[in-house]
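S.K.: Sending over input.pdb (PDB, C-alpha atoms and all ligand atoms).
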```pdb
ATOM      1  CA  MET S   1      37.143  13.871 -57.210  1.00  0.00           C
ATOM      2  CA  LEU S   2      34.476  16.305 -58.374  1.00  0.00           C
ATOM      3  CA  THR S   3      32.158  13.433 -59.259  1.00  0.00           C
ATOM      4  CA  PHE S   4      32.792  11.952 -55.836  1.00  0.00           C
ATOM      5  CA  TYR S   5      31.694  15.167 -54.154  1.00  0.00           C
ATOM      6  CA  ALA S   6      28.674  15.414 -56.420  1.00  0.00           C
ATOM      7  CA  ILE S   7      27.552  11.946 -55.331  1.00  0.00           C
ATOM      8  CA  ILE S   8      28.043  12.866 -51.684  1.00  0.00           C
ATOM      9  CA  LEU S   9      26.126  16.123 -52.108  1.00  0.00           C
ATOM     10  CA  ASP S  10      23.280  14.414 -53.933  1.00  0.00           C
ATOM     11  CA  MET S  11      22.816  11.989 -51.124  1.00  0.00           C
ATOM     12  CA  SER S  12      20.772  14.124 -48.799  1.00  0.00           C
ATOM     13  CA  ILE S  13      17.021  14.210 -49.308  1.00  0.00           C
ATOM     14  CA  ILE S  14      16.530  17.128 -46.896  1.00  0.00           C
ATOM     15  CA  LYS S  15      19.047  19.918 -46.685  1.00  0.00           C
ATOM     16  CA  ILE S  16      18.444  22.748 -44.220  1.00  0.00           C
ATOM     17  CA  GLU S  17      20.738  25.722 -44.625  1.00  0.00           C
ATOM     18  CA  ASN S  18      21.107  28.543 -42.101  1.00  0.00           C
ATOM     19  CA  LEU S  19      17.465  28.480 -41.179  1.00  0.00           C
ATOM     20  CA  THR S  20      16.120  31.129 -38.844  1.00  0.00           C
ATOM     21  CA  LYS S  21      12.551  31.646 -37.715  1.00  0.00           C
ATOM     22  CA  THR S  22      11.460  34.496 -35.519  1.00  0.00           C
ATOM     23  CA  TYR S  23       7.985  35.335 -34.297  1.00  0.00           C
ATOM     24  CA  HIS S  24       7.855  39.026 -33.457  1.00  0.00           C
ATOM     25  CA  ASP S  25      11.208  39.417 -31.708  1.00  0.00           C
ATOM     26  CA  LYS S  26      11.387  35.854 -30.391  1.00  0.00           C
ATOM     27  CA  THR S  27      13.907  33.621 -32.183  1.00  0.00           C
ATOM     28  CA  ILE S  28      12.525  30.072 -32.371  1.00  0.00           C
ATOM     29  CA  LEU S  29      15.036  28.584 -34.820  1.00  0.00           C
ATOM     30  CA  ASP S  30      18.457  30.195 -34.667  1.00  0.00           C
ATOM     31  CA  ASN S  31      20.507  29.697 -37.844  1.00  0.00           C
ATOM     32  CA  ILE S  32      20.248  25.921 -37.977  1.00  0.00           C
ATOM     33  CA  SER S  33      21.673  23.636 -40.648  1.00  0.00           C
ATOM     34  CA  LEU S  34      21.026  19.929 -41.107  1.00  0.00           C
ATOM     35  CA  GLU S  35      21.196  17.224 -43.749  1.00  0.00           C
ATOM     36  CA  ILE S  36      19.128  14.082 -43.733  1.00  0.00           C
ATOM     37  CA  VAL S  37      19.989  11.221 -46.081  1.00  0.00           C
ATOM     38  CA  PRO S  38      17.257   9.083 -47.680  1.00  0.00           C
ATOM     39  CA  GLY S  39      15.946   6.157 -45.663  1.00  0.00           C
ATOM     40  CA  GLU S  40      16.528   7.554 -42.194  1.00  0.00           C
ATOM     41  CA  LEU S  41      13.895   7.383 -39.488  1.00  0.00           C
ATOM     42  CA  VAL S  42      14.652  10.543 -37.567  1.00  0.00           C
ATOM     43  CA  TRP S  43      13.490  11.321 -34.058  1.00  0.00           C
ATOM     44  CA  LEU S  44      13.202  15.067 -33.554  1.00  0.00           C
ATOM     45  CA  LYS S  45      13.048  15.570 -29.827  1.00  0.00           C
ATOM     46  CA  GLY S  46      12.830  18.657 -27.668  1.00  0.00           C
ATOM     47  CA  ALA S  47      10.773  20.120 -24.861  1.00  0.00           C
ATOM     48  CA  SER S  48       7.365  21.634 -25.524  1.00  0.00           C
ATOM     49  CA  GLY S  49       7.608  25.011 -27.209  1.00  0.00           C
ATOM     50  CA  THR S  50      11.147  24.537 -28.553  1.00  0.00           C
ATOM     51  CA  GLY S  51       9.997  24.798 -32.172  1.00  0.00           C
ATOM     52  CA  LYS S  52       9.582  21.220 -33.425  1.00  0.00           C
ATOM     53  CA  THR S  53       6.270  21.868 -35.154  1.00  0.00           C
ATOM     54  CA  THR S  54       7.604  25.134 -36.561  1.00  0.00           C
ATOM     55  CA  LEU S  55      10.604  23.304 -38.052  1.00  0.00           C
ATOM     56  CA  LEU S  56       8.447  20.527 -39.512  1.00  0.00           C
ATOM     57  CA  HIS S  57       6.034  23.031 -41.050  1.00  0.00           C
ATOM     58  CA  ILE S  58       8.946  24.827 -42.688  1.00  0.00           C
ATOM     59  CA  ILE S  59      10.372  21.533 -44.030  1.00  0.00           C
ATOM     60  CA  ALA S  60       6.943  20.691 -45.469  1.00  0.00           C
ATOM     61  CA  GLY S  61       6.539  24.151 -47.000  1.00  0.00           C
ATOM     62  CA  LEU S  62       3.535  24.966 -44.803  1.00  0.00           C
ATOM     63  CA  GLU S  63       5.299  27.947 -43.244  1.00  0.00           C
ATOM     64  CA  SER S  64       8.095  30.123 -44.561  1.00  0.00           C
ATOM     65  CA  PRO S  65      11.349  30.754 -42.727  1.00  0.00           C
ATOM     66  CA  THR S  66      12.475  34.231 -41.715  1.00  0.00           C
ATOM     67  CA  SER S  67      15.752  33.464 -43.483  1.00  0.00           C
ATOM     68  CA  GLY S  68      17.614  30.452 -44.843  1.00  0.00           C
ATOM     69  CA  HIS S  69      16.509  27.533 -47.003  1.00  0.00           C
ATOM     70  CA  VAL S  70      15.140  24.040 -47.018  1.00  0.00           C
ATOM     71  CA  ILE S  71      15.994  21.982 -50.077  1.00  0.00           C
ATOM     72  CA  ILE S  72      14.150  18.725 -50.719  1.00  0.00           C
ATOM     73  CA  GLU S  73      15.999  16.533 -53.200  1.00  0.00           C
ATOM     74  CA  THR S  74      13.751  13.891 -54.682  1.00  0.00           C
ATOM     75  CA  LYS S  75      12.675  12.761 -58.122  1.00  0.00           C
ATOM     76  CA  LYS S  76       9.084  12.849 -56.903  1.00  0.00           C
ATOM     77  CA  ALA S  77       8.206  16.322 -58.070  1.00  0.00           C
ATOM     78  CA  ALA S  78       4.531  16.487 -57.173  1.00  0.00           C
ATOM     79  CA  ASN S  79       4.357  14.946 -53.768  1.00  0.00           C
ATOM     80  CA  LYS S  80       7.422  15.317 -51.656  1.00  0.00           C
ATOM     81  CA  VAL S  81       6.092  15.419 -48.118  1.00  0.00           C
ATOM     82  CA  GLY S  82       3.178  13.696 -46.387  1.00  0.00           C
ATOM     83  CA  PHE S  83       2.265  15.321 -43.073  1.00  0.00           C
ATOM     84  CA  ILE S  84       0.605  13.809 -40.019  1.00  0.00           C
ATOM     85  CA  TYR S  85      -0.569  16.814 -38.015  1.00  0.00           C
ATOM     86  CA  GLN S  86      -0.257  17.175 -34.260  1.00  0.00           C
ATOM     87  CA  ASP S  87      -3.998  17.819 -33.923  1.00  0.00           C
ATOM     88  CA  PHE S  88      -5.086  15.466 -36.727  1.00  0.00           C
ATOM     89  CA  TYR S  89      -7.091  18.044 -38.714  1.00  0.00           C
ATOM     90  CA  LEU S  90      -9.618  15.475 -39.828  1.00  0.00           C
ATOM     91  CA  GLN S  91     -12.603  17.192 -41.428  1.00  0.00           C
ATOM     92  CA  LYS S  92     -15.522  16.646 -39.051  1.00  0.00           C
ATOM     93  CA  GLN S  93     -18.232  16.657 -41.718  1.00  0.00           C
ATOM     94  CA  LEU S  94     -16.496  14.092 -43.937  1.00  0.00           C
ATOM     95  CA  THR S  95     -16.338  10.330 -43.517  1.00  0.00           C
ATOM     96  CA  ILE S  96     -12.980   8.728 -42.792  1.00  0.00           C
ATOM     97  CA  ARG S  97     -12.993   7.478 -46.397  1.00  0.00           C
ATOM     98  CA  ASP S  98     -13.357  11.015 -47.744  1.00  0.00           C
ATOM     99  CA  ASN S  99     -10.812  12.383 -45.270  1.00  0.00           C
ATOM    100  CA  ILE S 100      -8.201   9.832 -46.345  1.00  0.00           C
ATOM    101  CA  SER S 101      -8.785  10.451 -50.051  1.00  0.00           C
ATOM    102  CA  LEU S 102      -8.786  14.261 -49.837  1.00  0.00           C
ATOM    103  CA  PRO S 103      -5.196  14.649 -51.120  1.00  0.00           C
ATOM    104  CA  GLY S 104      -6.303  12.681 -54.199  1.00  0.00           C
ATOM    105  CA  VAL S 105      -9.121  15.154 -54.801  1.00  0.00           C
ATOM    106  CA  PHE S 106      -6.678  18.069 -54.689  1.00  0.00           C
ATOM    107  CA  ALA S 107      -4.271  16.181 -56.964  1.00  0.00           C
ATOM    108  CA  GLY S 108      -7.035  15.585 -59.521  1.00  0.00           C
ATOM    109  CA  MET S 109      -6.976  11.807 -59.163  1.00  0.00           C
ATOM    110  CA  PRO S 110      -9.983  10.040 -60.752  1.00  0.00           C
ATOM    111  CA  LYS S 111     -12.601   8.796 -58.274  1.00  0.00           C
ATOM    112  CA  LYS S 112     -12.029   5.127 -59.088  1.00  0.00           C
ATOM    113  CA  SER S 113      -8.306   5.386 -58.342  1.00  0.00           C
ATOM    114  CA  ARG S 114      -9.036   7.348 -55.167  1.00  0.00           C
ATOM    115  CA  LEU S 115     -11.376   4.653 -53.894  1.00  0.00           C
ATOM    116  CA  ALA S 116      -8.900   1.908 -54.752  1.00  0.00           C
ATOM    117  CA  ARG S 117      -6.059   3.732 -53.005  1.00  0.00           C
ATOM    118  CA  THR S 118      -8.210   4.376 -49.911  1.00  0.00           C
ATOM    119  CA  LYS S 119      -9.182   0.710 -49.747  1.00  0.00           C
ATOM    120  CA  GLU S 120      -5.576  -0.387 -50.055  1.00  0.00           C
ATOM    121  CA  LEU S 121      -4.320   1.981 -47.337  1.00  0.00           C
ATOM    122  CA  ALA S 122      -7.230   1.241 -45.006  1.00  0.00           C
ATOM    123  CA  ALA S 123      -6.465  -2.476 -45.263  1.00  0.00           C
ATOM    124  CA  ALA S 124      -2.770  -1.861 -44.594  1.00  0.00           C
ATOM    125  CA  LEU S 125      -3.569   0.274 -41.540  1.00  0.00           C
ATOM    126  CA  ASN S 126      -6.368  -1.953 -40.278  1.00  0.00           C
ATOM    127  CA  ILE S 127      -9.143   0.653 -40.450  1.00  0.00           C
ATOM    128  CA  SER S 128     -11.280  -0.818 -43.251  1.00  0.00           C
ATOM    129  CA  ASP S 129     -14.237  -1.137 -40.873  1.00  0.00           C
ATOM    130  CA  ILE S 130     -14.441   2.562 -39.984  1.00  0.00           C
ATOM    131  CA  LEU S 131     -14.368   4.107 -43.473  1.00  0.00           C
ATOM    132  CA  ASP S 132     -18.046   5.125 -43.310  1.00  0.00           C
ATOM    133  CA  TYR S 133     -17.664   6.734 -39.871  1.00  0.00           C
ATOM    134  CA  LYS S 134     -17.186  10.405 -39.101  1.00  0.00           C
ATOM    135  CA  PRO S 135     -14.139  11.523 -37.055  1.00  0.00           C
ATOM    136  CA  ALA S 136     -16.234  11.980 -33.880  1.00  0.00           C
ATOM    137  CA  GLN S 137     -17.150   8.277 -33.989  1.00  0.00           C
ATOM    138  CA  ILE S 138     -13.650   6.786 -33.933  1.00  0.00           C
ATOM    139  CA  SER S 139     -10.935   6.318 -31.310  1.00  0.00           C
ATOM    140  CA  GLY S 140      -7.689   8.278 -30.988  1.00  0.00           C
ATOM    141  CA  GLY S 141      -5.650   5.367 -32.314  1.00  0.00           C
ATOM    142  CA  GLN S 142      -7.985   4.980 -35.292  1.00  0.00           C
ATOM    143  CA  ALA S 143      -7.823   8.724 -35.983  1.00  0.00           C
ATOM    144  CA  GLU S 144      -4.049   8.502 -35.910  1.00  0.00           C
ATOM    145  CA  ARG S 145      -4.104   5.674 -38.430  1.00  0.00           C
ATOM    146  CA  ALA S 146      -6.559   7.554 -40.668  1.00  0.00           C
ATOM    147  CA  CYS S 147      -4.152  10.496 -40.606  1.00  0.00           C
ATOM    148  CA  ILE S 148      -1.263   8.209 -41.521  1.00  0.00           C
ATOM    149  CA  ALA S 149      -3.306   6.871 -44.456  1.00  0.00           C
ATOM    150  CA  ARG S 150      -4.109  10.407 -45.620  1.00  0.00           C
ATOM    151  CA  ALA S 151      -0.441  11.418 -45.363  1.00  0.00           C
ATOM    152  CA  LEU S 152       0.596   8.377 -47.433  1.00  0.00           C
ATOM    153  CA  PHE S 153      -2.149   8.833 -50.010  1.00  0.00           C
ATOM    154  CA  LEU S 154       0.037  10.315 -52.744  1.00  0.00           C
ATOM    155  CA  ASN S 155       3.002   8.087 -51.957  1.00  0.00           C
ATOM    156  CA  PRO S 156       5.341  10.809 -50.639  1.00  0.00           C
ATOM    157  CA  ALA S 157       9.148  10.607 -50.467  1.00  0.00           C
ATOM    158  CA  ILE S 158       9.130  11.965 -46.906  1.00  0.00           C
ATOM    159  CA  LEU S 159       6.655  11.285 -44.122  1.00  0.00           C
ATOM    160  CA  ILE S 160       6.518  13.722 -41.228  1.00  0.00           C
ATOM    161  CA  ALA S 161       4.680  12.781 -38.042  1.00  0.00           C
ATOM    162  CA  ASP S 162       4.161  15.540 -35.486  1.00  0.00           C
ATOM    163  CA  GLU S 163       3.659  13.999 -32.023  1.00  0.00           C
ATOM    164  CA  PRO S 164       1.954  10.846 -33.342  1.00  0.00           C
ATOM    165  CA  THR S 165       1.718   9.333 -29.857  1.00  0.00           C
ATOM    166  CA  ASN S 166       0.252  12.403 -28.159  1.00  0.00           C
ATOM    167  CA  ASN S 167      -2.724  11.473 -25.996  1.00  0.00           C
ATOM    168  CA  LEU S 168      -2.251   7.735 -26.526  1.00  0.00           C
ATOM    169  CA  ASP S 169      -1.533   5.217 -23.788  1.00  0.00           C
ATOM    170  CA  GLU S 170       1.707   3.236 -23.943  1.00  0.00           C
ATOM    171  CA  GLN S 171       0.241   0.254 -25.800  1.00  0.00           C
ATOM    172  CA  ASN S 172      -1.437   2.419 -28.441  1.00  0.00           C
ATOM    173  CA  SER S 173       1.710   4.528 -28.733  1.00  0.00           C
ATOM    174  CA  LYS S 174       3.670   1.369 -29.509  1.00  0.00           C
ATOM    175  CA  ASN S 175       1.010   0.278 -31.992  1.00  0.00           C
ATOM    176  CA  VAL S 176       1.260   3.578 -33.860  1.00  0.00           C
ATOM    177  CA  LEU S 177       5.068   3.539 -33.803  1.00  0.00           C
ATOM    178  CA  ASN S 178       5.049  -0.055 -35.056  1.00  0.00           C
ATOM    179  CA  ILE S 179       2.833   0.996 -37.950  1.00  0.00           C
ATOM    180  CA  ILE S 180       5.149   3.879 -38.805  1.00  0.00           C
ATOM    181  CA  GLN S 181       8.110   1.503 -38.629  1.00  0.00           C
ATOM    182  CA  GLU S 182       6.358  -0.961 -40.954  1.00  0.00           C
ATOM    183  CA  ILE S 183       5.691   1.829 -43.431  1.00  0.00           C
ATOM    184  CA  TRP S 184       9.338   2.801 -43.197  1.00  0.00           C
ATOM    185  CA  ARG S 185      10.422  -0.812 -43.889  1.00  0.00           C
ATOM    186  CA  ASP S 186       7.944  -1.471 -46.695  1.00  0.00           C
ATOM    187  CA  PHE S 187       8.084   1.820 -48.580  1.00  0.00           C
ATOM    188  CA  ASP S 188      11.001   3.735 -50.003  1.00  0.00           C
ATOM    189  CA  ILE S 189      10.497   6.584 -47.555  1.00  0.00           C
ATOM    190  CA  THR S 190      12.323   8.917 -45.172  1.00  0.00           C
ATOM    191  CA  ILE S 191      10.529   9.614 -41.898  1.00  0.00           C
ATOM    192  CA  ILE S 192      10.752  12.331 -39.269  1.00  0.00           C
ATOM    193  CA  ILE S 193       8.896  11.884 -35.998  1.00  0.00           C
ATOM    194  CA  ALA S 194       8.689  14.891 -33.682  1.00  0.00           C
ATOM    195  CA  SER S 195       7.959  13.758 -30.157  1.00  0.00           C
ATOM    196  CA  HIS S 196       8.730  14.133 -26.491  1.00  0.00           C
ATOM    197  CA  ASP S 197       7.955  10.438 -26.098  1.00  0.00           C
ATOM    198  CA  PRO S 198      11.125   8.472 -25.207  1.00  0.00           C
ATOM    199  CA  LEU S 199       9.526   5.359 -26.762  1.00  0.00           C
ATOM    200  CA  VAL S 200      10.483   6.758 -30.175  1.00  0.00           C
ATOM    201  CA  LYS S 201      14.175   6.200 -29.416  1.00  0.00           C
ATOM    202  CA  ASP S 202      13.864   2.448 -30.043  1.00  0.00           C
ATOM    203  CA  TYR S 203      12.554   3.079 -33.540  1.00  0.00           C
ATOM    204  CA  ALA S 204      14.849   5.847 -34.751  1.00  0.00           C
ATOM    205  CA  THR S 205      18.025   5.529 -36.832  1.00  0.00           C
ATOM    206  CA  LYS S 206      18.983   9.078 -35.936  1.00  0.00           C
ATOM    207  CA  THR S 207      18.117  11.452 -33.111  1.00  0.00           C
ATOM    208  CA  ILE S 208      18.244  15.216 -33.267  1.00  0.00           C
ATOM    209  CA  GLU S 209      17.322  17.533 -30.442  1.00  0.00           C
ATOM    210  CA  LEU S 210      16.030  21.063 -30.601  1.00  0.00           C
ATOM    211  CA  SER S 211      16.958  23.232 -27.691  1.00  0.00           C
ATOM    212  CA  LYS S 212      17.243  27.003 -27.356  1.00  0.00           C
ATOM    213  CA  GLY S 213      16.903  27.462 -31.103  1.00  0.00           C
ATOM    214  CA  LYS S 214      19.747  25.098 -31.968  1.00  0.00           C
ATOM    215  CA  LEU S 215      19.847  21.510 -33.273  1.00  0.00           C
ATOM    216  CA  HIS S 216      22.047  18.885 -31.685  1.00  0.00           C
ATOM    217  CA  GLU S 217      22.567  15.581 -33.489  1.00  0.00           C
ATOM    218  CA  ASN S 218      22.556  12.089 -31.964  1.00  0.00           C
ATOM    219  CA  THR S 219      21.901  13.196 -28.437  1.00  0.00           C
TER     220      THR S 219
HETATM  221  N1  LIG S 301       2.020  31.610 -35.343  1.00  0.00           N
HETATM  222  C1  LIG S 301       2.767  31.875 -34.278  1.00  0.00           C
HETATM  223  N2  LIG S 301       2.913  33.142 -33.809  1.00  0.00           N
HETATM  224  C2  LIG S 301       3.674  33.424 -32.738  1.00  0.00           C
HETATM  225  N3  LIG S 301       4.368  32.493 -32.055  1.00  0.00           N
HETATM  226  C3  LIG S 301       4.282  31.218 -32.468  1.00  0.00           C
HETATM  227  C4  LIG S 301       3.480  30.841 -33.591  1.00  0.00           C
HETATM  228  N4  LIG S 301       3.597  29.499 -33.766  1.00  0.00           N
HETATM  229  C5  LIG S 301       4.410  29.060 -32.790  1.00  0.00           C
HETATM  230  N5  LIG S 301       4.836  30.092 -32.008  1.00  0.00           N
HETATM  231  C6  LIG S 301       5.751  30.001 -30.855  1.00  0.00           C
HETATM  232  O1  LIG S 301       6.913  29.317 -31.286  1.00  0.00           O
HETATM  233  C7  LIG S 301       7.387  28.442 -30.270  1.00  0.00           C
HETATM  234  C8  LIG S 301       7.553  27.049 -30.838  1.00  0.00           C
HETATM  235  O2  LIG S 301       6.288  26.486 -31.106  1.00  0.00           O
HETATM  236  P1  LIG S 301       6.139  25.018 -31.708  1.00  0.00           P
HETATM  237  O3  LIG S 301       4.699  24.754 -31.854  1.00  0.00           O
HETATM  238  O4  LIG S 301       6.983  24.911 -32.930  1.00  0.00           O
HETATM  239  O5  LIG S 301       6.789  24.144 -30.527  1.00  0.00           O
HETATM  240  P2  LIG S 301       6.827  22.575 -30.341  1.00  0.00           P
HETATM  241  O6  LIG S 301       8.242  22.204 -30.045  1.00  0.00           O
HETATM  242  O7  LIG S 301       6.190  21.897 -31.488  1.00  0.00           O
HETATM  243  O8  LIG S 301       5.966  22.366 -29.022  1.00  0.00           O
HETATM  244  P3  LIG S 301       5.046  21.102 -28.591  1.00  0.00           P
HETATM  245  O9  LIG S 301       6.014  20.035 -28.149  1.00  0.00           O
HETATM  246  O10 LIG S 301       4.252  21.628 -27.441  1.00  0.00           O
HETATM  247  O11 LIG S 301       4.207  20.691 -29.755  1.00  0.00           O
HETATM  248  C9  LIG S 301       6.407  28.561 -29.115  1.00  0.00           C
HETATM  249  O12 LIG S 301       6.972  29.420 -28.161  1.00  0.00           O
HETATM  250  C10 LIG S 301       5.180  29.177 -29.735  1.00  0.00           C
HETATM  251  O13 LIG S 301       4.511  29.980 -28.832  1.00  0.00           O
HETATM  252 MG    MG S 302       4.495  20.706 -31.691  1.00  0.00          MG
END
```
Go ahead and render the structure in this file as structure tokens.
M.R.:
Amino acid sequence: MLTFYAIILDMSIIKIENLTKTYHDKTILDNISLEIVPGELVWLKGASGTGKTTLLHIIAGLESPTSGHVIIETKKAANKVGFIYQDFYLQKQLTIRDNISLPGVFAGMPKKSRLARTKELAAALNISDILDYKPAQISGGQAERACIARALFLNPAILIADEPTNNLDEQNSKNVLNIIQEIWRDFDITIIIASHDPLVKDYATKTIELSKGKLHENT
């Protein structure tokens, strides 16, 4: 019986326990708990300002909670989470090639491997022809795909996409969601997409909603 429970407990890749986040005296996340098992494609929905980005940043370790914990259970010690930012954060002065390979620079990857990995991801995401361009010279959909490539660079266990269809028309939104779905099918990866876009529903295996500081599952 104990072994049985151990297997069950080991199953979640993300475990959020009694998480609270307050800014000044405003409570954004109010004692929330959640478990996500590996292989899910989660849609995190919620109105603007409900705390989706805050929650994702805490899961990724980019921000610390006021109290509570996030536990990421994966054998991949070095690179647990790849993050696609809401506002892209592509470095203006760098080419798309150098933007995509930046995580490899920080991880100390040799240049030859970085270039090979960039080439491989660019081909997979259909942006091989814009690698020499600067961010100002590419479209929103291409920027989104460059950000996906950068987030996947170190082959993370979890991919987080914060409003990946923001500012895209319906066709481009579908294109981006199709790409994320392909990544989800082809790689051994758990994905969370934060979005107000109802299109995401068709892609998700699980829906959670943030509202008034609380999480509601499968809404
Ligand atoms: N650094 C900060 N200092 C103070 N308040 C903050 C800070 N970051 C976020 N907030 C507040 O926390 C709340 C949640 O913000 P968050 O960006 O997480 O919302 P969101 O659900 O991602 O919204 P959107 O859908 O517009 O992206 C907002 O009311 C915001 O003003
Ligand atoms: Mg946000």
S.K.: When the PyMOL selection byres (((not hetatm)) within 7 of (chain S and resi 302)) is applied to the file above, which residues end up in the set, as a PDB file with C-alpha atoms, in the coordinates of the input?
M.R.:
```
ATOM      1  CA  SER S  48       7.365  21.634 -25.524  1.00  0.00           C
ATOM      2  CA  GLY S  49       7.608  25.011 -27.209  1.00  0.00           C
ATOM      3  CA  GLY S  51       9.997  24.798 -32.172  1.00  0.00           C
ATOM      4  CA  LYS S  52       9.582  21.220 -33.425  1.00  0.00           C
ATOM      5  CA  THR S  53       6.270  21.868 -35.154  1.00  0.00           C
ATOM      6  CA  GLN S  86      -0.257  17.175 -34.260  1.00  0.00           C
ATOM      7  CA  ASP S 162       4.161  15.540 -35.486  1.00  0.00           C
ATOM      8  CA  GLU S 163       3.659  13.999 -32.023  1.00  0.00           C
TER       9      GLU S 163
END
```
S.K.: Could you list, as an MDAnalysis selection string, every residue matched by the PyMOL selection byres (((not hetatm)) within 9 of (chain S and resi 301)) in this structure?
M.R.: chainID S and resid 21:24 26:29 45:57 86 162:163 194:196 210
S.K.: Which residues fall under the PyMOL selection byres (((chain S and resi 165-170) around 9) and not hetatm) in this file, as a PyMOL selection string?
M.R.: chain S and resi 86-87+140-141+144+162-164+171-177+195-197+199
S.K.: Could you save the residues just selected, with C-alpha atoms, as a PDB file, keeping the file's coordinate frame?
M.R.:
```pdb
ATOM      1  CA  GLN S  86      -0.257  17.175 -34.260  1.00  0.00           C
ATOM      2  CA  ASP S  87      -3.998  17.819 -33.923  1.00  0.00           C
ATOM      3  CA  GLY S 140      -7.689   8.278 -30.988  1.00  0.00           C
ATOM      4  CA  GLY S 141      -5.650   5.367 -32.314  1.00  0.00           C
ATOM      5  CA  GLU S 144      -4.049   8.502 -35.910  1.00  0.00           C
ATOM      6  CA  ASP S 162       4.161  15.540 -35.486  1.00  0.00           C
ATOM      7  CA  GLU S 163       3.659  13.999 -32.023  1.00  0.00           C
ATOM      8  CA  PRO S 164       1.954  10.846 -33.342  1.00  0.00           C
ATOM      9  CA  GLN S 171       0.241   0.254 -25.800  1.00  0.00           C
ATOM     10  CA  ASN S 172      -1.437   2.419 -28.441  1.00  0.00           C
ATOM     11  CA  SER S 173       1.710   4.528 -28.733  1.00  0.00           C
ATOM     12  CA  LYS S 174       3.670   1.369 -29.509  1.00  0.00           C
ATOM     13  CA  ASN S 175       1.010   0.278 -31.992  1.00  0.00           C
ATOM     14  CA  VAL S 176       1.260   3.578 -33.860  1.00  0.00           C
ATOM     15  CA  LEU S 177       5.068   3.539 -33.803  1.00  0.00           C
ATOM     16  CA  SER S 195       7.959  13.758 -30.157  1.00  0.00           C
ATOM     17  CA  HIS S 196       8.730  14.133 -26.491  1.00  0.00           C
ATOM     18  CA  ASP S 197       7.955  10.438 -26.098  1.00  0.00           C
ATOM     19  CA  LEU S 199       9.526   5.359 -26.762  1.00  0.00           C
TER      20      LEU S 199
END
```
S.K.: Go through S:Val37, S:Met109, S:Ala136, S:Leu115 one by one, measure the shortest atom-to-atom distance of each to Ile13 of chain S using all atoms listed in the file, and give the residue with the smallest value.
M.R.: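 The answer is S:Val37, which sits nearest to Ile13 of chain S.
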S.K.: What is the atom CA of Ser128 of chain S to atom CA of Leu152 of chain S distance in Å?
M.R.: 15.6 Å
S.K.: Atom CA of Pro135 of chain S and atom CA of Ile193 of chain S are how many Å apart?
M.R.: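 Distance between the two atoms: 23.1 Å.
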S.K.: Which is closest to Asp129 of chain S among S:Asn155, S:Thr95, S:Ser211, S:Ser101, if we use only C-alpha atoms?
M.R.: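 Using only C-alpha atoms, the shortest distance to Asp129 of chain S belongs to S:Thr95.
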S.K.: Counting all atoms listed in the file, which residue out of S:Ile32, S:Val200, S:Leu19, S:Leu154 sits closest to Leu121 of chain S?
M.R.: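 Among the listed residues, S:Leu154 lies closest to Leu121 of chain S.
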S.K.: Which of these, S:Cys147, S:Asn99, S:Gly108, S:Ala157, has the shortest distance to Leu131 of chain S once you count all atoms listed in the file?
M.R.: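 Using all atoms listed in the file, Leu131 of chain S sits closest to S:Asn99.
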S.K.: Give the answer as one residue: which of S:Ala143, S:Ala107, S:Ile208, S:Leu125 has the shortest atom-to-atom distance to Ile183 of chain S, using all atoms listed in the file?
M.R.: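 Smallest distance to Ile183 of chain S is found for S:Leu125.
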S.K.: Which value, in Å to one decimal, gives the distance between atom CA of Leu44 of chain S and atom CA of Lys80 of chain S?
M.R.: 19.0 Å
S.K.: Restricting the calculation to only C-alpha atoms: of S:Gly68, S:Pro103, S:Gly213, S:Gly61, which residue gets closest to Ile16 of chain S?
M.R.: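 So, comparing all the options, the nearest one is S:Gly68.
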S.K.: Would you kindly return, as a list in words, each protein, DNA or RNA residue with an atom no farther than 9 Å from any atom of Ala122 of chain S, considering all atoms listed in the file and excluding same-chain residues fewer than 5 positions away?
M.R.: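 Listing them by chain and then by number gives Arg97, Ile100, Arg117, Ile127, Ser128, Asp129, Ile130, Leu131, Arg145, Ala146 and Ala149 of chain S.
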S.K.: Please enclose the listed atoms of segment 31-38 of chain S in an axis-aligned box, pad each side by 5 Å, and write out the centre and the three edge lengths in Å, rounded to one decimal, as AutoDock Vina command-line options.
M.R.:
```
--center_x 19.5 --center_y 19.4 --center_z -42.8 --size_x 14.4 --size_y 30.6 --size_z 19.8
```
